[in-house]
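Enquirer: I am attaching a structure below and will ask some questions about it afterwards.
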Amino acid sequence: MLIAGIDDMLHFGLLLSLILRWAVSRFSYSGSGKPPMYGDYEAQRHWMEITVNLPVQEWYKNSSNNDLQYWGLDYPPLTAYHSMLCGYVARWINPDWVALNSSRGYEGYYHKIFMRSTVLAADLLFYLPIIFYWITIRQPHNLRDKAILVGLCLLYPGLILIDHGHFQYNSVSLGFTATAILFLMWRYDLVGAAFFTLALHYKQMSLYYALPFFCYLLGRCLQLPFKERIKKLIRLSSVVIVTTAVCWFPFLMSLESTSAVIQRIFPLDRGIYEDKVANFWYMLSVLVKLKEVFPSSKLAVLSALSTLLVVLPSCVNLLKNPKMHTFRLALVNSSLTFFLFSYQVHEKSILFPALPVMLLFEDHPLLCTWFAYISTYSLVPLLAKDGLIVPFIALSILFLIGAIRAYEDLLLSFKSQKSTIASLSFLVSIFGSAILVFAMYSVKQPARYPHLHVLLNCVYSGVHFIGFLLYFNYLQFTEKPYDLYYPKIRDRKFD
């Protein structure tokens, strides 16, 4: 009876996450009713229009039928193929939804249901099963704790609000990455490398994870005898090259097509950050107007050097100690470093550090709960613009209540943790963000500082992210690996 009840809790957590995703989709979205560009919803619809009506070689090129200034494709080929698949289904249902040129800005009721359904389908296929599986094969062995963990991880507000509210398909690339991590955990390195390559070719922000994947796999190769080392390096390289070639095949027919894709997915002319984002460069711009002082090319070099310098200790440590525990922490450190210091960062990119953080939930529940909330709070300016503050508040409260309800088991009590300061800091941090959200709607900004509320949000979140980065690096260098797997998995001699 007890086990049946726990299974019901697991299924309830999964069902609740689906219901809340669909509930959020009933709210507004990016660019709703805002011509001429609309927003991300229109961008995704427009990509369906382009990919089902134009030859593959013209998807990334400017033409009379593909004005790149109007939401030109700027993600790698797998995103384009996904758009094409959705576009064919849309055309089968109603050709007007993807009619070339004449469908711009289409916002019909049934079309909205279709678009929202495609995001939910992506979650169901690529993300939810992987996260569910990850939690259920891990300790704690207590099934009640597993049910709570599944619920909390699947109810991470940031991803729900961006994918099902703002409108994107981040769950696909994040799902590919999580699948790659699972295969590496099972010691199927070649399969893991293939899945991570797919993640890279769905969204280029998956490069945030590239260095840890490279260092972990290279470090494991270096532990082998010389001949075995060379064989494995060749196999890994071949898998990456073949997977890449398959993804890029239609664009490899000419150098012009290849360069067109590269120029679109790595634009240097957009500036060092996109809009206002809670990273180091935007916070620094409050004191030094970087975009006015330095050309884009120099800022790109500066950000690249800064990113590599900050992430280097974590990568060297992983290369010397290619253990799964170290790898998981390095994924957080690398992705958070890229978010804070790399070039052309969107506020939505915080979802990429959030994935490996959520996969550490059972290890550091208080820390991960804290990060999950602050990463969602950092999106408030974007969510306010989209009319999504109500679901932000509702989902955040639900997430925090769920975490606090499980405090004794998951967030580690004051006594067991012996860290009253950390717990109080967590509460003060949450309270401070709540005050800033309230002030955004109740305190008028001075005419001299028309973006003061956004600035406060970015600085408040950015300071937290720097603190998280320092602490996760500390954990990587000081925390001893410990066994987190079921006996039948431990028998495979995993790290």
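Labels for the structure tokens follow display order: chains A, B, ..., residues from 1 in each chain, ligands from 1.
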For Tyr343 of chain A, please output as an MDAnalysis selection string all residues within 6 Å (counting only C-alpha atoms; exclusion window: fewer than 5 positions along the same chain).
Expert: chainID A and resid 272 300 303
Enquirer: Go ahead and save the picked residues with N, CA, C and O atoms, as a PDB file, in the first residue's frame.
Expert:
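The result, written out as again-v6.pdb:
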ATOM      1  N   ILE A 272      27.932  42.762 -26.914  1.00  0.00           N
ATOM      2  CA  ILE A 272      28.449  41.800 -25.944  1.00  0.00           C
ATOM      3  C   ILE A 272      27.358  41.165 -25.103  1.00  0.00           C
ATOM      4  O   ILE A 272      27.522  40.089 -24.537  1.00  0.00           O
ATOM      5  N   ALA A 300      34.542  40.910 -28.175  1.00  0.00           N
ATOM      6  CA  ALA A 300      34.438  39.457 -28.369  1.00  0.00           C
ATOM      7  C   ALA A 300      35.698  38.758 -27.873  1.00  0.00           C
ATOM      8  O   ALA A 300      35.646  37.725 -27.199  1.00  0.00           O
ATOM      9  N   SER A 303      35.866  39.076 -23.972  1.00  0.00           N
ATOM     10  CA  SER A 303      34.951  38.161 -23.290  1.00  0.00           C
ATOM     11  C   SER A 303      35.435  36.722 -23.401  1.00  0.00           C
ATOM     12  O   SER A 303      35.313  35.940 -22.445  1.00  0.00           O
TER      13      SER A 303
END
Enquirer: For segment 97-109 of chain A, find every residue with an atom within 6 Å (counting only C-alpha atoms), except residues of its own chain fewer than 3 positions away, and show them as a ChimeraX atom specification.
Expert: /A:49,94,112
Enquirer: If you count only C-alpha atoms, which residues fall within 9 Å of Ala372 of chain A, apart from same-chain ones fewer than 2 positions away, as a ChimeraX atom specification?
Expert: /A:156-158,354,357-358,367-370,374-377
Enquirer: Which distance in Å separates atom CA of Ile130 of chain A and atom CA of His166 of chain A, to one decimal?
Expert: 23.1 Å
Enquirer: For atom CA of Leu268 of chain A and atom CA of Phe341 of chain A, quote the distance in Å rounded to one decimal.
Expert: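 Between atom CA of Leu268 of chain A and atom CA of Phe341 of chain A the gap works out to 15.2 Å.
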Enquirer: Just the residues within 10 Å of Ile265 of chain A, please, counting only C-alpha atoms, with nothing from its chain fewer than 5 positions along; format it as number ranges by chain.
Expert: A: 60, 73-77, 203-205, 260
Enquirer: Keeping C-alpha atoms, export the residues of the selection given above as a short mmCIF file (atom, residue, chain, number, x, y, z; two decimals), in the first residue's frame.
Expert:
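Output file part_7.cif follows:
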data_model
loop_
_atom_site.label_atom_id
_atom_site.label_comp_id
_atom_site.auth_asym_id
_atom_site.auth_seq_id
_atom_site.Cartn_x
_atom_site.Cartn_y
_atom_site.Cartn_z
CA TYR A 60 19.93 31.08 -43.76
CA LEU A 73 17.01 31.71 -38.62
CA ASP A 74 19.84 32.10 -36.10
CA TYR A 75 20.04 28.64 -34.52
CA PRO A 76 21.89 25.55 -35.84
CA PRO A 77 20.42 23.08 -38.37
CA LYS A 203 21.16 25.40 -29.84
CA GLN A 204 24.62 26.89 -29.91
CA MET A 205 24.31 27.86 -26.21
CA ALA A 260 25.83 31.53 -44.20
#
Enquirer: Nearest residue to Phe12 of chain A out of A:Ile131, A:Val119, A:Leu152, A:Met84, using only C-alpha atoms?
Expert: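 For Phe12 of chain A, the nearest of the candidates is A:Leu152.
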Enquirer: With a distance cut-off of 9 Å and only C-alpha atoms, select the neighbouring residues of Leu395 of chain A, excluding the residue or stretch itself and same-chain residues fewer than 4 positions from it, and output the selection as a PyMOL selection string.
Expert: chain A and resi 20+155-157+160-161+390-391+399-400
Enquirer: Would you compute the distance between atom CA of Ser259 of chain A and atom CA of Ser238 of chain A? Give it in Å to one decimal.
Expert: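 Atom CA of Ser259 of chain A sits 22.6 Å away from atom CA of Ser238 of chain A.
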Enquirer: Between A:Gly175, A:Pro322, A:Gly165, A:Pro381, which one has atoms that come closest to Val24 of chain A, using only C-alpha atoms?
Expert: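 So, comparing all the options, the nearest one is A:Gly165.
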Enquirer: Could you tell me, as a PyMOL selection string, which residues of segment 151-369 of chain A DSSP assigns to helix (DSSP H, G or I) when given the backbone?
Expert: chain A and resi 151-154+157-167+170-185+189-200+204-222+226-251+255-265+280-285+290-293+296-320+324-341+347-358+365-369
Enquirer: Find the residues of segment 304-343 of chain A that sit at most 12 Å from segment 178-198 of chain A; for each, write down the nearest two atoms and how far apart they are in Å, to one decimal. Count only C-alpha atoms. Sort by chain, then by number going up, and give it as a tab-separated table.
Expert:
residue	atom	partner	partner_atom	distance
A:Pro322	CA	A:Leu184	CA	11.2
A:Lys323	CA	A:Met185	CA	9.5
A:Met324	CA	A:Met185	CA	6.6
A:His325	CA	A:Met185	CA	9.6
A:Thr326	CA	A:Met185	CA	11.9
A:Phe327	CA	A:Ile181	CA	9.2
A:Arg328	CA	A:Ile181	CA	8.4
A:Leu331	CA	A:Ile181	CA	10.0
Enquirer: How would the residues just chosen look if you wrote them out with N, CA and C atoms as an mmCIF file, in the first residue's frame?
Expert:
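File result_39.cif, as written:
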data_model
loop_
_atom_site.group_PDB
_atom_site.id
_atom_site.type_symbol
_atom_site.label_atom_id
_atom_site.label_comp_id
_atom_site.auth_asym_id
_atom_site.auth_seq_id
_atom_site.Cartn_x
_atom_site.Cartn_y
_atom_site.Cartn_z
ATOM 1 N N PRO A 322 38.877 12.866 -13.910
ATOM 2 C CA PRO A 322 37.657 12.678 -14.715
ATOM 3 C C PRO A 322 36.659 11.731 -14.055
ATOM 4 N N LYS A 323 36.087 12.190 -12.946
ATOM 5 C CA LYS A 323 35.072 11.432 -12.227
ATOM 6 C C LYS A 323 33.696 12.036 -12.522
ATOM 7 N N MET A 324 32.644 11.222 -12.459
ATOM 8 C CA MET A 324 31.306 11.710 -12.754
ATOM 9 C C MET A 324 30.879 12.815 -11.797
ATOM 10 N N HIS A 325 31.235 12.672 -10.524
ATOM 11 C CA HIS A 325 30.871 13.693 -9.547
ATOM 12 C C HIS A 325 31.522 15.030 -9.901
ATOM 13 N N THR A 326 32.797 14.987 -10.252
ATOM 14 C CA THR A 326 33.520 16.202 -10.641
ATOM 15 C C THR A 326 32.952 16.770 -11.934
ATOM 16 N N PHE A 327 32.610 15.893 -12.858
ATOM 17 C CA PHE A 327 32.045 16.309 -14.142
ATOM 18 C C PHE A 327 30.745 17.088 -13.956
ATOM 19 N N ARG A 328 29.876 16.590 -13.083
ATOM 20 C CA ARG A 328 28.589 17.246 -12.865
ATOM 21 C C ARG A 328 28.768 18.643 -12.278
ATOM 22 N N LEU A 331 30.127 20.996 -15.009
ATOM 23 C CA LEU A 331 29.088 21.471 -15.922
ATOM 24 C C LEU A 331 28.436 22.748 -15.400
#
Enquirer: Compile the contact shell of Lys291 of chain A as a PyMOL selection string: residues with an atom at most 10 Å away, counting only C-alpha atoms, same-chain residues fewer than 3 positions apart removed.
Expert: chain A and resi 271-273+285+288+294-296+299
Enquirer: Create the file for the chosen residues now, containing all heavy atoms and written as a compact mmCIF listing (two decimals), in the first residue's frame.
Expert:
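Final output, out06.txt:
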# COMPACT_ATOMS: atom_id res chain seq x y z
N GLY A 271 26.49 42.87 -30.28
CA GLY A 271 26.96 43.43 -29.02
C GLY A 271 27.29 42.34 -28.01
O GLY A 271 26.98 41.17 -28.18
N ILE A 272 27.93 42.76 -26.91
CA ILE A 272 28.45 41.80 -25.94
C ILE A 272 27.36 41.17 -25.10
O ILE A 272 27.52 40.09 -24.54
CB ILE A 272 29.51 42.47 -25.04
CG1 ILE A 272 30.31 41.41 -24.29
CG2 ILE A 272 28.87 43.49 -24.10
CD1 ILE A 272 31.56 41.93 -23.65
N TYR A 273 26.20 41.81 -24.99
CA TYR A 273 25.07 41.18 -24.31
C TYR A 273 23.79 41.59 -25.02
O TYR A 273 23.72 42.61 -25.70
CB TYR A 273 25.00 41.56 -22.82
CG TYR A 273 25.06 43.04 -22.55
CD1 TYR A 273 23.93 43.85 -22.66
CD2 TYR A 273 26.25 43.65 -22.16
CE1 TYR A 273 23.99 45.21 -22.41
CE2 TYR A 273 26.32 45.01 -21.91
CZ TYR A 273 25.18 45.78 -22.03
OH TYR A 273 25.24 47.13 -21.79
N SER A 285 28.94 47.58 -17.25
CA SER A 285 28.54 48.69 -18.13
C SER A 285 27.87 49.82 -17.36
O SER A 285 27.75 50.93 -17.89
CB SER A 285 27.60 48.19 -19.23
OG SER A 285 26.34 47.83 -18.70
N VAL A 288 31.22 51.54 -16.81
CA VAL A 288 31.96 51.79 -18.05
C VAL A 288 31.08 51.40 -19.23
O VAL A 288 30.64 50.24 -19.32
CB VAL A 288 33.27 50.98 -18.10
CG1 VAL A 288 34.03 51.28 -19.39
CG2 VAL A 288 34.13 51.26 -16.89
N PHE A 294 34.62 50.24 -26.72
CA PHE A 294 35.31 49.21 -27.49
C PHE A 294 34.46 48.75 -28.67
O PHE A 294 33.24 48.64 -28.56
CB PHE A 294 35.63 47.99 -26.61
CG PHE A 294 36.47 48.30 -25.41
CD1 PHE A 294 35.89 48.40 -24.15
CD2 PHE A 294 37.83 48.48 -25.53
CE1 PHE A 294 36.65 48.68 -23.04
CE2 PHE A 294 38.61 48.76 -24.42
CZ PHE A 294 38.02 48.87 -23.17
N PRO A 295 35.10 48.44 -29.81
CA PRO A 295 34.37 47.85 -30.94
C PRO A 295 33.97 46.41 -30.61
O PRO A 295 34.54 45.77 -29.72
CB PRO A 295 35.38 47.89 -32.08
CG PRO A 295 36.71 47.90 -31.42
CD PRO A 295 36.53 48.66 -30.14
N SER A 296 32.99 45.89 -31.33
CA SER A 296 32.48 44.55 -31.06
C SER A 296 33.57 43.48 -31.15
O SER A 296 33.59 42.53 -30.36
CB SER A 296 31.34 44.22 -32.04
OG SER A 296 30.25 45.08 -31.85
N LEU A 299 35.59 43.45 -27.96
CA LEU A 299 34.79 42.94 -26.86
C LEU A 299 34.64 41.43 -26.95
O LEU A 299 34.61 40.74 -25.93
CB LEU A 299 33.41 43.60 -26.84
CG LEU A 299 33.38 45.07 -26.39
CD1 LEU A 299 31.97 45.63 -26.53
CD2 LEU A 299 33.85 45.20 -24.94
Enquirer: Restricting the calculation to only C-alpha atoms: of A:Leu329, A:Ile404, A:Ala447, A:Leu336, which residue gets closest to Gly467 of chain A?
Expert: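 Looking only at the distances to Gly467 of chain A, the closest residue turns out to be A:Leu336.
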Enquirer: Pick the closest to Phe371 of chain A from A:Val316, A:Ile466, A:Val56, A:Leu128: which is it, counting only C-alpha atoms?
Expert: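 Smallest separation from Phe371 of chain A among the options: A:Ile466.
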Enquirer: Just checking: using only C-alpha atoms, which residue out of A:Ser349, A:Gln57, A:Ser64, A:Ser342 ends up closest to Leu305 of chain A?
Expert: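 Closest to Leu305 of chain A of all the choices is A:Ser342.
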Enquirer: With only C-alpha atoms as the atoms that count, which of A:Cys215, A:Leu149, A:Cys315, A:Cys247 lies nearest to Gly13 of chain A?
Expert: A:Leu149
Enquirer: Which residues, written as a PyMOL selection string, have at least one atom at most 12 Å from Tyr110 of chain A, with only C-alpha atoms counted and residues fewer than 6 positions away on the same chain left out?
Expert: chain A and resi 90+93-94+96-97+116-117
Enquirer: Take the selection from the previous step and output its residues with C-alpha atoms, as a compact mmCIF listing (two decimals), in the first residue's frame.
Expert:
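Saved the output as again.txt:
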# COMPACT_ATOMS: atom_id res chain seq x y z
CA ALA A 90 0.85 23.13 -39.47
CA ILE A 93 -3.92 21.43 -40.53
CA ASN A 94 -4.23 24.90 -42.07
CA ASP A 96 -2.66 29.76 -43.93
CA TRP A 97 -0.57 29.28 -40.81
CA ARG A 116 1.62 25.61 -27.56
CA SER A 117 1.03 21.90 -28.21
